[in-house]
$ cat target_7.cif   # mmCIF, N, CA, C and O atoms
data_model
loop_
_atom_site.label_atom_id
_atom_site.label_comp_id
_atom_site.auth_asym_id
_atom_site.auth_seq_id
_atom_site.Cartn_x
_atom_site.Cartn_y
_atom_site.Cartn_z
N MET A 62 59.63 78.28 87.99
CA MET A 62 59.53 76.84 87.92
C MET A 62 60.94 76.26 87.84
O MET A 62 61.80 76.75 87.12
N GLY A 63 61.18 75.20 88.60
CA GLY A 63 62.50 74.58 88.65
C GLY A 63 62.75 73.66 87.47
O GLY A 63 61.85 73.35 86.69
N ARG A 64 63.96 73.26 87.37
CA ARG A 64 64.34 72.33 86.31
C ARG A 64 63.96 70.91 86.69
O ARG A 64 63.91 70.56 87.86
N GLY A 65 63.73 70.09 85.70
CA GLY A 65 63.41 68.70 85.96
C GLY A 65 64.64 67.91 86.37
O GLY A 65 65.77 68.27 86.03
N ARG A 66 64.43 66.85 87.09
CA ARG A 66 65.54 66.00 87.50
C ARG A 66 66.00 65.15 86.33
O ARG A 66 65.21 64.75 85.49
N ILE A 67 67.31 64.88 86.33
CA ILE A 67 67.84 63.99 85.30
C ILE A 67 68.38 62.74 85.97
O ILE A 67 68.74 62.75 87.15
N GLU A 68 68.39 61.67 85.23
CA GLU A 68 68.96 60.42 85.73
C GLU A 68 70.48 60.54 85.64
O GLU A 68 71.02 60.92 84.60
N ILE A 69 71.16 60.24 86.75
CA ILE A 69 72.62 60.31 86.77
C ILE A 69 73.19 59.00 86.22
O ILE A 69 73.15 57.97 86.88
N LYS A 70 73.64 59.07 85.00
CA LYS A 70 74.27 57.92 84.34
C LYS A 70 75.19 58.48 83.28
O LYS A 70 75.11 59.66 82.91
N LYS A 71 76.08 57.66 82.76
CA LYS A 71 77.04 58.10 81.75
C LYS A 71 76.30 58.58 80.51
O LYS A 71 75.38 57.94 80.02
N ILE A 72 76.74 59.72 80.00
CA ILE A 72 76.19 60.26 78.76
C ILE A 72 76.92 59.57 77.61
O ILE A 72 78.14 59.66 77.50
N GLU A 73 76.20 58.87 76.80
CA GLU A 73 76.80 58.05 75.74
C GLU A 73 77.32 58.88 74.56
O GLU A 73 78.34 58.57 73.98
N ASN A 74 76.63 59.96 74.21
CA ASN A 74 77.04 60.81 73.10
C ASN A 74 78.26 61.64 73.51
O ASN A 74 78.20 62.41 74.47
N ASN A 75 79.38 61.48 72.78
CA ASN A 75 80.64 62.15 73.15
C ASN A 75 80.52 63.67 73.18
O ASN A 75 81.06 64.32 74.07
N THR A 76 79.84 64.24 72.20
CA THR A 76 79.70 65.69 72.14
C THR A 76 78.90 66.20 73.34
O THR A 76 79.30 67.16 74.01
N ASN A 77 77.76 65.56 73.60
CA ASN A 77 76.94 65.96 74.74
C ASN A 77 77.69 65.78 76.06
O ASN A 77 77.57 66.60 76.97
N ARG A 78 78.46 64.70 76.16
CA ARG A 78 79.23 64.44 77.38
C ARG A 78 80.27 65.54 77.60
O ARG A 78 80.43 66.04 78.71
N GLN A 79 80.95 65.96 76.54
CA GLN A 79 81.96 67.00 76.66
C GLN A 79 81.34 68.34 77.03
O GLN A 79 81.88 69.08 77.86
N VAL A 80 80.21 68.67 76.43
CA VAL A 80 79.51 69.92 76.75
C VAL A 80 79.07 69.92 78.21
O VAL A 80 79.26 70.90 78.93
N THR A 81 78.51 68.80 78.66
CA THR A 81 78.07 68.68 80.05
C THR A 81 79.24 68.80 81.00
O THR A 81 79.17 69.49 82.02
N TYR A 82 80.37 68.14 80.67
CA TYR A 82 81.56 68.22 81.51
C TYR A 82 82.02 69.66 81.63
O TYR A 82 82.31 70.15 82.72
N SER A 83 82.08 70.36 80.51
CA SER A 83 82.54 71.74 80.51
C SER A 83 81.64 72.64 81.36
O SER A 83 82.13 73.44 82.17
N LYS A 84 80.34 72.50 81.19
CA LYS A 84 79.39 73.32 81.96
C LYS A 84 79.47 73.00 83.45
O LYS A 84 79.49 73.90 84.29
N ARG A 85 79.51 71.72 83.79
CA ARG A 85 79.56 71.33 85.21
C ARG A 85 80.91 71.68 85.83
O ARG A 85 80.99 72.03 86.99
N ARG A 86 81.99 71.57 85.06
CA ARG A 86 83.31 71.97 85.55
C ARG A 86 83.28 73.45 85.90
O ARG A 86 83.72 73.86 86.97
N ASN A 87 82.76 74.26 85.00
CA ASN A 87 82.66 75.70 85.27
C ASN A 87 81.80 75.97 86.50
O ASN A 87 82.11 76.85 87.30
N GLY A 88 80.73 75.20 86.65
CA GLY A 88 79.84 75.37 87.80
C GLY A 88 80.52 75.02 89.11
O GLY A 88 80.40 75.74 90.11
N ILE A 89 81.28 73.93 89.13
CA ILE A 89 81.94 73.52 90.37
C ILE A 89 83.10 74.48 90.69
O ILE A 89 83.37 74.78 91.85
N PHE A 90 83.76 75.03 89.65
CA PHE A 90 84.80 76.04 89.89
C PHE A 90 84.18 77.31 90.46
O PHE A 90 84.75 77.95 91.34
N LYS A 91 82.99 77.67 89.97
CA LYS A 91 82.30 78.84 90.49
C LYS A 91 81.95 78.64 91.97
O LYS A 91 82.13 79.54 92.79
N LYS A 92 81.46 77.44 92.32
CA LYS A 92 81.14 77.13 93.71
C LYS A 92 82.39 77.19 94.59
O LYS A 92 82.36 77.68 95.71
N ALA A 93 83.51 76.68 94.08
CA ALA A 93 84.77 76.72 94.83
C ALA A 93 85.19 78.16 95.07
O ALA A 93 85.61 78.53 96.17
N HIS A 94 85.06 79.01 94.05
CA HIS A 94 85.39 80.43 94.19
C HIS A 94 84.46 81.10 95.22
O HIS A 94 84.92 81.88 96.06
N GLU A 95 83.17 80.77 95.16
CA GLU A 95 82.22 81.35 96.12
C GLU A 95 82.57 80.95 97.55
O GLU A 95 82.49 81.78 98.46
N LEU A 96 82.95 79.69 97.76
CA LEU A 96 83.37 79.26 99.10
C LEU A 96 84.58 80.05 99.57
O LEU A 96 84.67 80.43 100.74
N THR A 97 85.52 80.28 98.67
CA THR A 97 86.71 81.05 99.01
C THR A 97 86.35 82.46 99.43
O THR A 97 86.82 82.95 100.46
N VAL A 98 85.52 83.11 98.66
CA VAL A 98 85.17 84.51 98.92
C VAL A 98 84.25 84.65 100.13
O VAL A 98 84.52 85.43 101.04
N LEU A 99 83.17 83.89 100.16
CA LEU A 99 82.17 84.04 101.20
C LEU A 99 82.62 83.54 102.57
O LEU A 99 82.30 84.14 103.59
N CYS A 100 83.36 82.44 102.58
CA CYS A 100 83.69 81.78 103.85
C CYS A 100 85.18 81.84 104.19
O CYS A 100 85.60 81.27 105.19
N ASP A 101 85.97 82.50 103.37
CA ASP A 101 87.41 82.56 103.55
C ASP A 101 88.01 81.17 103.65
O ASP A 101 88.94 80.92 104.40
N ALA A 102 87.46 80.23 102.88
CA ALA A 102 87.94 78.85 102.88
C ALA A 102 89.13 78.73 101.93
O ALA A 102 89.23 79.46 100.95
N LYS A 103 90.00 77.81 102.26
CA LYS A 103 91.12 77.48 101.37
C LYS A 103 90.67 76.28 100.54
O LYS A 103 90.43 75.21 101.07
N VAL A 104 90.56 76.48 99.24
CA VAL A 104 90.01 75.46 98.37
C VAL A 104 91.00 75.12 97.27
O VAL A 104 91.59 76.01 96.65
N SER A 105 91.19 73.84 97.04
CA SER A 105 91.98 73.37 95.92
C SER A 105 91.15 72.32 95.20
O SER A 105 90.69 71.36 95.82
N LEU A 106 90.95 72.52 93.92
CA LEU A 106 90.14 71.60 93.14
C LEU A 106 90.94 71.20 91.91
O LEU A 106 91.36 72.05 91.13
N ILE A 107 91.20 69.91 91.77
CA ILE A 107 91.98 69.39 90.65
C ILE A 107 91.10 68.40 89.89
O ILE A 107 90.53 67.50 90.49
N MET A 108 91.01 68.60 88.59
CA MET A 108 90.17 67.73 87.77
C MET A 108 90.92 67.32 86.52
O MET A 108 91.69 68.10 85.96
N PHE A 109 90.68 66.09 86.09
CA PHE A 109 91.17 65.59 84.81
C PHE A 109 89.97 65.11 84.02
O PHE A 109 89.17 64.32 84.52
N SER A 110 89.85 65.56 82.79
CA SER A 110 88.76 65.10 81.94
C SER A 110 89.05 63.68 81.50
O SER A 110 90.14 63.16 81.71
N ASN A 111 88.08 63.05 80.84
CA ASN A 111 88.29 61.67 80.36
C ASN A 111 89.34 61.61 79.26
O ASN A 111 89.86 60.55 78.94
N THR A 112 89.70 62.77 78.70
CA THR A 112 90.77 62.81 77.70
C THR A 112 92.12 63.14 78.34
O THR A 112 93.13 63.23 77.64
N GLY A 113 92.12 63.35 79.66
CA GLY A 113 93.36 63.63 80.37
C GLY A 113 93.69 65.10 80.49
O GLY A 113 94.75 65.46 81.01
N LYS A 114 92.80 65.98 80.05
CA LYS A 114 93.06 67.41 80.16
C LYS A 114 92.93 67.85 81.61
O LYS A 114 91.98 67.49 82.30
N PHE A 115 93.89 68.64 82.06
CA PHE A 115 94.02 69.07 83.45
C PHE A 115 93.33 70.42 83.67
O PHE A 115 93.51 71.35 82.88
N HIS A 116 92.55 70.52 84.76
CA HIS A 116 91.91 71.77 85.16
C HIS A 116 92.10 71.92 86.66
O HIS A 116 92.00 70.94 87.41
N GLU A 117 92.37 73.15 87.10
CA GLU A 117 92.64 73.37 88.51
C GLU A 117 92.07 74.69 88.98
O GLU A 117 92.09 75.69 88.26
N TYR A 118 91.53 74.70 90.21
CA TYR A 118 91.18 75.94 90.90
C TYR A 118 91.90 75.91 92.24
O TYR A 118 91.88 74.89 92.94
N ILE A 119 92.53 76.99 92.59
CA ILE A 119 93.18 77.12 93.89
C ILE A 119 92.84 78.50 94.45
O ILE A 119 92.86 79.49 93.70
N SER A 120 92.50 78.56 95.74
CA SER A 120 92.20 79.84 96.36
C SER A 120 93.40 80.77 96.24
O SER A 120 94.54 80.33 96.39
N PRO A 121 93.15 82.05 95.99
CA PRO A 121 94.27 82.99 95.84
C PRO A 121 95.15 83.11 97.09
O PRO A 121 96.32 83.43 96.98
N SER A 122 94.60 82.80 98.25
CA SER A 122 95.35 82.96 99.49
C SER A 122 96.24 81.77 99.83
O SER A 122 96.88 81.76 100.88
N THR A 123 96.28 80.75 98.98
CA THR A 123 97.05 79.55 99.29
C THR A 123 97.69 78.98 98.03
O THR A 123 97.57 79.54 96.96
N THR A 124 98.38 77.86 98.21
CA THR A 124 98.98 77.15 97.09
C THR A 124 98.58 75.68 97.18
O THR A 124 98.13 75.21 98.23
N THR A 125 98.77 74.96 96.10
CA THR A 125 98.47 73.54 96.11
C THR A 125 99.34 72.82 97.14
O THR A 125 98.87 71.94 97.86
N LYS A 126 100.60 73.22 97.24
CA LYS A 126 101.50 72.59 98.22
C LYS A 126 101.00 72.80 99.64
O LYS A 126 101.02 71.87 100.46
N LYS A 127 100.54 74.01 99.96
CA LYS A 127 100.03 74.28 101.31
C LYS A 127 98.80 73.42 101.60
O LYS A 127 98.62 72.93 102.71
N ILE A 128 97.94 73.24 100.59
CA ILE A 128 96.75 72.40 100.77
C ILE A 128 97.17 70.96 101.04
O ILE A 128 96.66 70.30 101.94
N TYR A 129 98.14 70.43 100.26
CA TYR A 129 98.64 69.07 100.50
C TYR A 129 99.26 68.95 101.89
O TYR A 129 99.06 67.95 102.57
N ASP A 130 100.01 69.97 102.31
CA ASP A 130 100.61 69.94 103.65
C ASP A 130 99.54 69.89 104.74
O ASP A 130 99.65 69.13 105.71
N MET A 131 98.49 70.70 104.59
CA MET A 131 97.39 70.69 105.56
C MET A 131 96.69 69.33 105.55
O MET A 131 96.32 68.79 106.59
N TYR A 132 96.52 68.76 104.37
CA TYR A 132 95.88 67.45 104.22
C TYR A 132 96.70 66.37 104.92
O TYR A 132 96.17 65.56 105.67
N GLN A 133 98.01 66.39 104.71
CA GLN A 133 98.90 65.43 105.36
C GLN A 133 98.84 65.56 106.87
O GLN A 133 98.79 64.56 107.59
N THR A 134 98.87 66.78 107.37
CA THR A 134 98.82 67.02 108.81
C THR A 134 97.52 66.50 109.39
O THR A 134 97.51 65.85 110.45
N THR A 135 96.43 66.73 108.70
CA THR A 135 95.12 66.27 109.17
C THR A 135 95.04 64.75 109.19
O THR A 135 94.53 64.16 110.14
N LEU A 136 95.56 64.09 108.14
CA LEU A 136 95.53 62.63 108.07
C LEU A 136 96.54 61.98 109.00
O LEU A 136 96.36 60.85 109.43
N GLY A 137 97.62 62.68 109.26
CA GLY A 137 98.62 62.15 110.17
C GLY A 137 99.65 61.26 109.51
O GLY A 137 100.31 60.48 110.19
N PHE A 138 99.81 61.33 108.20
CA PHE A 138 100.88 60.59 107.55
C PHE A 138 101.37 61.35 106.33
O PHE A 138 100.67 62.19 105.79
N ASP A 139 102.59 61.05 105.93
CA ASP A 139 103.23 61.72 104.81
C ASP A 139 102.80 61.04 103.51
O ASP A 139 103.06 59.87 103.30
N LEU A 140 102.14 61.81 102.66
CA LEU A 140 101.66 61.25 101.39
C LEU A 140 102.80 60.77 100.51
O LEU A 140 102.67 59.80 99.78
N TRP A 141 103.93 61.43 100.57
CA TRP A 141 105.02 61.11 99.65
C TRP A 141 105.82 59.91 100.10
O TRP A 141 106.23 59.10 99.29
N SER A 142 106.04 59.75 101.42
CA SER A 142 106.81 58.59 101.86
C SER A 142 105.93 57.35 101.99
O SER A 142 106.43 56.24 102.07
N SER A 143 104.63 57.55 102.03
CA SER A 143 103.73 56.42 102.20
C SER A 143 103.17 55.92 100.87
O SER A 143 102.25 55.12 100.86
N HIS A 144 103.72 56.38 99.75
CA HIS A 144 103.15 55.97 98.46
C HIS A 144 103.36 54.49 98.17
O HIS A 144 102.74 53.95 97.27
N TYR A 145 104.20 53.82 98.96
CA TYR A 145 104.36 52.38 98.79
C TYR A 145 103.35 51.59 99.61
O TYR A 145 103.15 50.42 99.39
N GLU A 146 102.72 52.26 100.56
CA GLU A 146 101.70 51.61 101.37
C GLU A 146 100.39 51.58 100.59
O GLU A 146 100.17 52.36 99.68
N VAL A 147 99.51 50.69 100.99
CA VAL A 147 98.22 50.59 100.32
C VAL A 147 97.22 51.48 101.06
O VAL A 147 96.94 51.27 102.23
N HIS A 148 96.75 52.49 100.38
CA HIS A 148 95.72 53.39 100.91
C HIS A 148 94.67 53.55 99.83
O HIS A 148 95.00 53.77 98.67
N SER A 149 93.45 53.44 100.22
CA SER A 149 92.37 53.64 99.28
C SER A 149 91.61 54.89 99.71
O SER A 149 91.22 55.01 100.86
N LEU A 150 91.44 55.82 98.80
CA LEU A 150 90.74 57.05 99.10
C LEU A 150 89.44 57.10 98.31
O LEU A 150 89.41 56.76 97.14
N SER A 151 88.40 57.49 98.98
CA SER A 151 87.13 57.68 98.32
C SER A 151 86.76 59.14 98.43
O SER A 151 86.84 59.72 99.51
N PHE A 152 86.38 59.75 97.33
CA PHE A 152 85.98 61.13 97.32
C PHE A 152 84.47 61.18 97.13
O PHE A 152 83.94 60.60 96.19
N VAL A 153 83.80 61.89 98.02
CA VAL A 153 82.36 62.05 97.92
C VAL A 153 82.09 63.53 97.81
O VAL A 153 82.51 64.31 98.66
N ILE A 154 81.41 63.94 96.77
CA ILE A 154 81.09 65.35 96.58
C ILE A 154 79.59 65.52 96.67
O ILE A 154 78.84 64.83 96.00
N TYR A 155 79.18 66.45 97.53
CA TYR A 155 77.77 66.75 97.71
C TYR A 155 77.54 68.18 97.26
O TYR A 155 78.20 69.10 97.74
N ILE A 156 76.67 68.38 96.32
CA ILE A 156 76.37 69.72 95.82
C ILE A 156 74.89 70.01 96.08
O ILE A 156 74.03 69.27 95.64
N SER A 157 74.64 71.05 96.83
CA SER A 157 73.26 71.49 97.02
C SER A 157 73.14 72.89 96.44
O SER A 157 74.09 73.44 95.89
N LYS A 158 71.98 73.50 96.62
CA LYS A 158 71.75 74.82 96.08
C LYS A 158 72.67 75.85 96.72
O LYS A 158 73.03 76.83 96.11
N HIS A 159 73.08 75.62 97.97
CA HIS A 159 73.82 76.63 98.71
C HIS A 159 75.23 76.22 99.08
O HIS A 159 75.99 77.02 99.59
N MET A 160 75.62 74.97 98.88
CA MET A 160 76.89 74.54 99.42
C MET A 160 77.49 73.40 98.60
O MET A 160 76.79 72.56 98.08
N LEU A 161 78.81 73.41 98.52
CA LEU A 161 79.56 72.31 97.92
C LEU A 161 80.44 71.73 99.01
O LEU A 161 81.20 72.45 99.64
N VAL A 162 80.31 70.46 99.27
CA VAL A 162 81.09 69.81 100.31
C VAL A 162 81.79 68.62 99.70
O VAL A 162 81.17 67.82 99.00
N ALA A 163 83.08 68.49 99.94
CA ALA A 163 83.82 67.34 99.46
C ALA A 163 84.40 66.61 100.67
O ALA A 163 85.00 67.22 101.54
N TYR A 164 84.17 65.33 100.74
CA TYR A 164 84.69 64.52 101.82
C TYR A 164 85.75 63.60 101.25
O TYR A 164 85.59 63.06 100.18
N VAL A 165 86.81 63.40 102.00
CA VAL A 165 87.81 62.43 101.63
C VAL A 165 87.80 61.37 102.72
O VAL A 165 88.01 61.66 103.90
N VAL A 166 87.52 60.14 102.34
CA VAL A 166 87.40 59.05 103.29
C VAL A 166 88.54 58.07 103.04
O VAL A 166 88.71 57.60 101.91
N THR A 167 89.33 57.79 104.07
CA THR A 167 90.39 56.80 103.90
C THR A 167 89.85 55.45 104.34
O THR A 167 89.14 55.33 105.32
N ILE A 168 90.18 54.45 103.57
CA ILE A 168 89.70 53.10 103.84
C ILE A 168 90.89 52.21 104.15
O ILE A 168 91.88 52.23 103.50
#

$ encode --input "target_7.cif" --output "C-alpha cells"
Amino acid sequence: MGRGRIEIKKIENNTNRQVTYSKRRNGIFKKAHELTVLCDAKVSLIMFSNTGKFHEYISPSTTTKKIYDMYQTTLGFDLWSSHYEVHSLSFVIYISKHMLVAYVVTI
C-alpha cells in the first residue's frame, strides 16, 4: 500500500520543518547520486537551508567549476561578467518515482 498524499505548504512547526528538510535533502542527494551512477550524468546540487547552512552534492567525475562552465556555454553568456545585467532564473524541480529533473528557465 502506498503512502498518502500530503498538502504541499510550509510546515509551521520548526522542529518538524527541520526534520522534513533533512530527510528530503538526503533523498534528493540520493537521487542525484543515482543519476550520476546509472546515467553517467554530471550533477551538481547546491542547497542552503532556511538557517543558511550549506549542503552540496557534486558528481565525482566533475567539479562545480566545470558545471558552471558548461552552464555558461549552454546559456551563451558569462555569468560572472553579466552579474550587473538583470537576469531572472526560475528553477523547477520535478521528482517522480524514477527520475529527478531540474529545469533552469531564464526570463

$ resolve_selection --input "target_7.cif" --expression "the PyMOL selection byres (((chain A and resi 93 and name CA) around 9) and name CA)" --output "list in words"
Gly88, Ile89, Phe90, Lys91, Lys92, His94, Glu95, Leu96, Thr97, Val98, Ala102, Val104, Ser105, Leu106, Tyr118, Ile119, Ser120 and Leu161 of chain A

$ atom_distance --input "target_7.cif" --atom1 "atom C of Asn87 in chain A" --atom2 "atom N of Thr135 in chain A"
28.1 Å

$ atom_distance --input "target_7.cif" --atom1 "CA of Gly65 in chain A" --atom2 "CA of Gln79 in chain A"
20.8 Å

$ atom_distance --input "target_7.cif" --atom1 "CA of Lys127 in chain A" --atom2 "CA of Asp139 in chain A"
13.4 Å

$ axis_aligned_box --input "target_7.cif" --around "range 109-128 of chain A" --padding-each-side "5 Å" --output "JSON"
{"center_x": 94.8, "center_y": 72.0, "center_z": 90.2, "size_x": 23.4, "size_y": 32.9, "size_z": 35.1}

$ residues_near_point --input "target_7.cif" --point "(86.9, 64.8, 79.0)" --cutoff "7 Å" --atoms "all atoms listed in the file" --output "ChimeraX atom specification"
/A:78-79,82,109-114

$ select_by_dssp --input "target_7.cif" --residues "range 98-147 of chain A" --states "strand (DSSP E or B)" --output "PyMOL selection string"
chain A and resi 105-109+115-119

$ write_last_selection --input "target_7.cif" --atoms "N, CA, C and O atoms" --output "compact mmCIF listing (two decimals), in the coordinates of the input"
# COMPACT_ATOMS: atom_id res chain seq x y z
N SER A 105 91.19 73.84 97.04
CA SER A 105 91.98 73.37 95.92
C SER A 105 91.15 72.32 95.20
O SER A 105 90.69 71.36 95.82
N LEU A 106 90.95 72.52 93.92
CA LEU A 106 90.14 71.60 93.14
C LEU A 106 90.94 71.20 91.91
O LEU A 106 91.36 72.05 91.13
N ILE A 107 91.20 69.91 91.77
CA ILE A 107 91.98 69.39 90.65
C ILE A 107 91.10 68.40 89.89
O ILE A 107 90.53 67.50 90.49
N MET A 108 91.01 68.60 88.59
CA MET A 108 90.17 67.73 87.77
C MET A 108 90.92 67.32 86.52
O MET A 108 91.69 68.10 85.96
N PHE A 109 90.68 66.09 86.09
CA PHE A 109 91.17 65.59 84.81
C PHE A 109 89.97 65.11 84.02
O PHE A 109 89.17 64.32 84.52
N PHE A 115 93.89 68.64 82.06
CA PHE A 115 94.02 69.07 83.45
C PHE A 115 93.33 70.42 83.67
O PHE A 115 93.51 71.35 82.88
N HIS A 116 92.55 70.52 84.76
CA HIS A 116 91.91 71.77 85.16
C HIS A 116 92.10 71.92 86.66
O HIS A 116 92.00 70.94 87.41
N GLU A 117 92.37 73.15 87.10
CA GLU A 117 92.64 73.37 88.51
C GLU A 117 92.07 74.69 88.98
O GLU A 117 92.09 75.69 88.26
N TYR A 118 91.53 74.70 90.21
CA TYR A 118 91.18 75.94 90.90
C TYR A 118 91.90 75.91 92.24
O TYR A 118 91.88 74.89 92.94
N ILE A 119 92.53 76.99 92.59
CA ILE A 119 93.18 77.12 93.89
C ILE A 119 92.84 78.50 94.45
O ILE A 119 92.86 79.49 93.70

$ decode --input "target_7.cif" --residues "range 72-101 of chain A" --atoms "N, CA and C atoms" --output "compact mmCIF listing (two decimals), in the first residue's frame"
# COMPACT_ATOMS: atom_id res chain seq x y z
N ILE A 72 5.63 24.05 6.47
CA ILE A 72 5.45 23.38 7.76
C ILE A 72 5.70 24.42 8.84
N GLU A 73 4.71 24.69 9.64
CA GLU A 73 4.80 25.76 10.63
C GLU A 73 5.67 25.40 11.84
N ASN A 74 5.65 24.14 12.27
CA ASN A 74 6.44 23.71 13.41
C ASN A 74 7.92 23.62 13.01
N ASN A 75 8.78 24.39 13.69
CA ASN A 75 10.20 24.45 13.33
C ASN A 75 10.90 23.10 13.38
N THR A 76 10.63 22.32 14.41
CA THR A 76 11.26 21.01 14.55
C THR A 76 10.85 20.09 13.41
N ASN A 77 9.55 20.02 13.14
CA ASN A 77 9.06 19.17 12.05
C ASN A 77 9.61 19.64 10.70
N ARG A 78 9.70 20.96 10.52
CA ARG A 78 10.22 21.51 9.27
C ARG A 78 11.68 21.10 9.07
N GLN A 79 12.48 21.18 10.14
CA GLN A 79 13.90 20.81 10.04
C GLN A 79 14.07 19.32 9.77
N VAL A 80 13.28 18.49 10.41
CA VAL A 80 13.34 17.04 10.18
C VAL A 80 12.96 16.72 8.74
N THR A 81 11.90 17.35 8.24
CA THR A 81 11.47 17.14 6.86
C THR A 81 12.53 17.59 5.88
N TYR A 82 13.14 18.76 6.15
CA TYR A 82 14.20 19.27 5.28
C TYR A 82 15.36 18.28 5.22
N SER A 83 15.77 17.78 6.38
CA SER A 83 16.89 16.85 6.44
C SER A 83 16.59 15.57 5.67
N LYS A 84 15.41 15.01 5.86
CA LYS A 84 15.04 13.77 5.17
C LYS A 84 14.94 13.99 3.66
N ARG A 85 14.30 15.08 3.25
CA ARG A 85 14.14 15.35 1.82
C ARG A 85 15.47 15.72 1.17
N ARG A 86 16.33 16.43 1.90
CA ARG A 86 17.67 16.75 1.40
C ARG A 86 18.43 15.46 1.13
N ASN A 87 18.40 14.55 2.08
CA ASN A 87 19.08 13.26 1.89
C ASN A 87 18.49 12.51 0.71
N GLY A 88 17.17 12.59 0.55
CA GLY A 88 16.51 11.91 -0.57
C GLY A 88 16.91 12.48 -1.91
N ILE A 89 16.98 13.81 -2.02
CA ILE A 89 17.34 14.42 -3.29
C ILE A 89 18.82 14.20 -3.59
N PHE A 90 19.68 14.14 -2.55
CA PHE A 90 21.09 13.81 -2.77
C PHE A 90 21.23 12.37 -3.25
N LYS A 91 20.41 11.48 -2.71
CA LYS A 91 20.44 10.08 -3.14
C LYS A 91 20.03 9.98 -4.61
N LYS A 92 18.99 10.73 -5.01
CA LYS A 92 18.56 10.73 -6.41
C LYS A 92 19.65 11.29 -7.32
N ALA A 93 20.34 12.34 -6.87
CA ALA A 93 21.44 12.92 -7.65
C ALA A 93 22.55 11.90 -7.83
N HIS A 94 22.88 11.17 -6.77
CA HIS A 94 23.91 10.13 -6.84
C HIS A 94 23.47 9.01 -7.80
N GLU A 95 22.20 8.61 -7.72
CA GLU A 95 21.70 7.57 -8.62
C GLU A 95 21.79 8.00 -10.08
N LEU A 96 21.45 9.26 -10.37
CA LEU A 96 21.59 9.77 -11.74
C LEU A 96 23.03 9.70 -12.21
N THR A 97 23.95 10.05 -11.32
CA THR A 97 25.37 10.01 -11.66
C THR A 97 25.81 8.59 -11.99
N VAL A 98 25.44 7.64 -11.16
CA VAL A 98 25.88 6.26 -11.33
C VAL A 98 25.17 5.58 -12.50
N LEU A 99 23.85 5.67 -12.54
CA LEU A 99 23.08 4.94 -13.54
C LEU A 99 23.20 5.52 -14.95
N CYS A 100 23.26 6.85 -15.05
CA CYS A 100 23.20 7.51 -16.36
C CYS A 100 24.49 8.21 -16.74
N ASP A 101 25.51 8.11 -15.91
CA ASP A 101 26.78 8.81 -16.12
C ASP A 101 26.56 10.30 -16.32
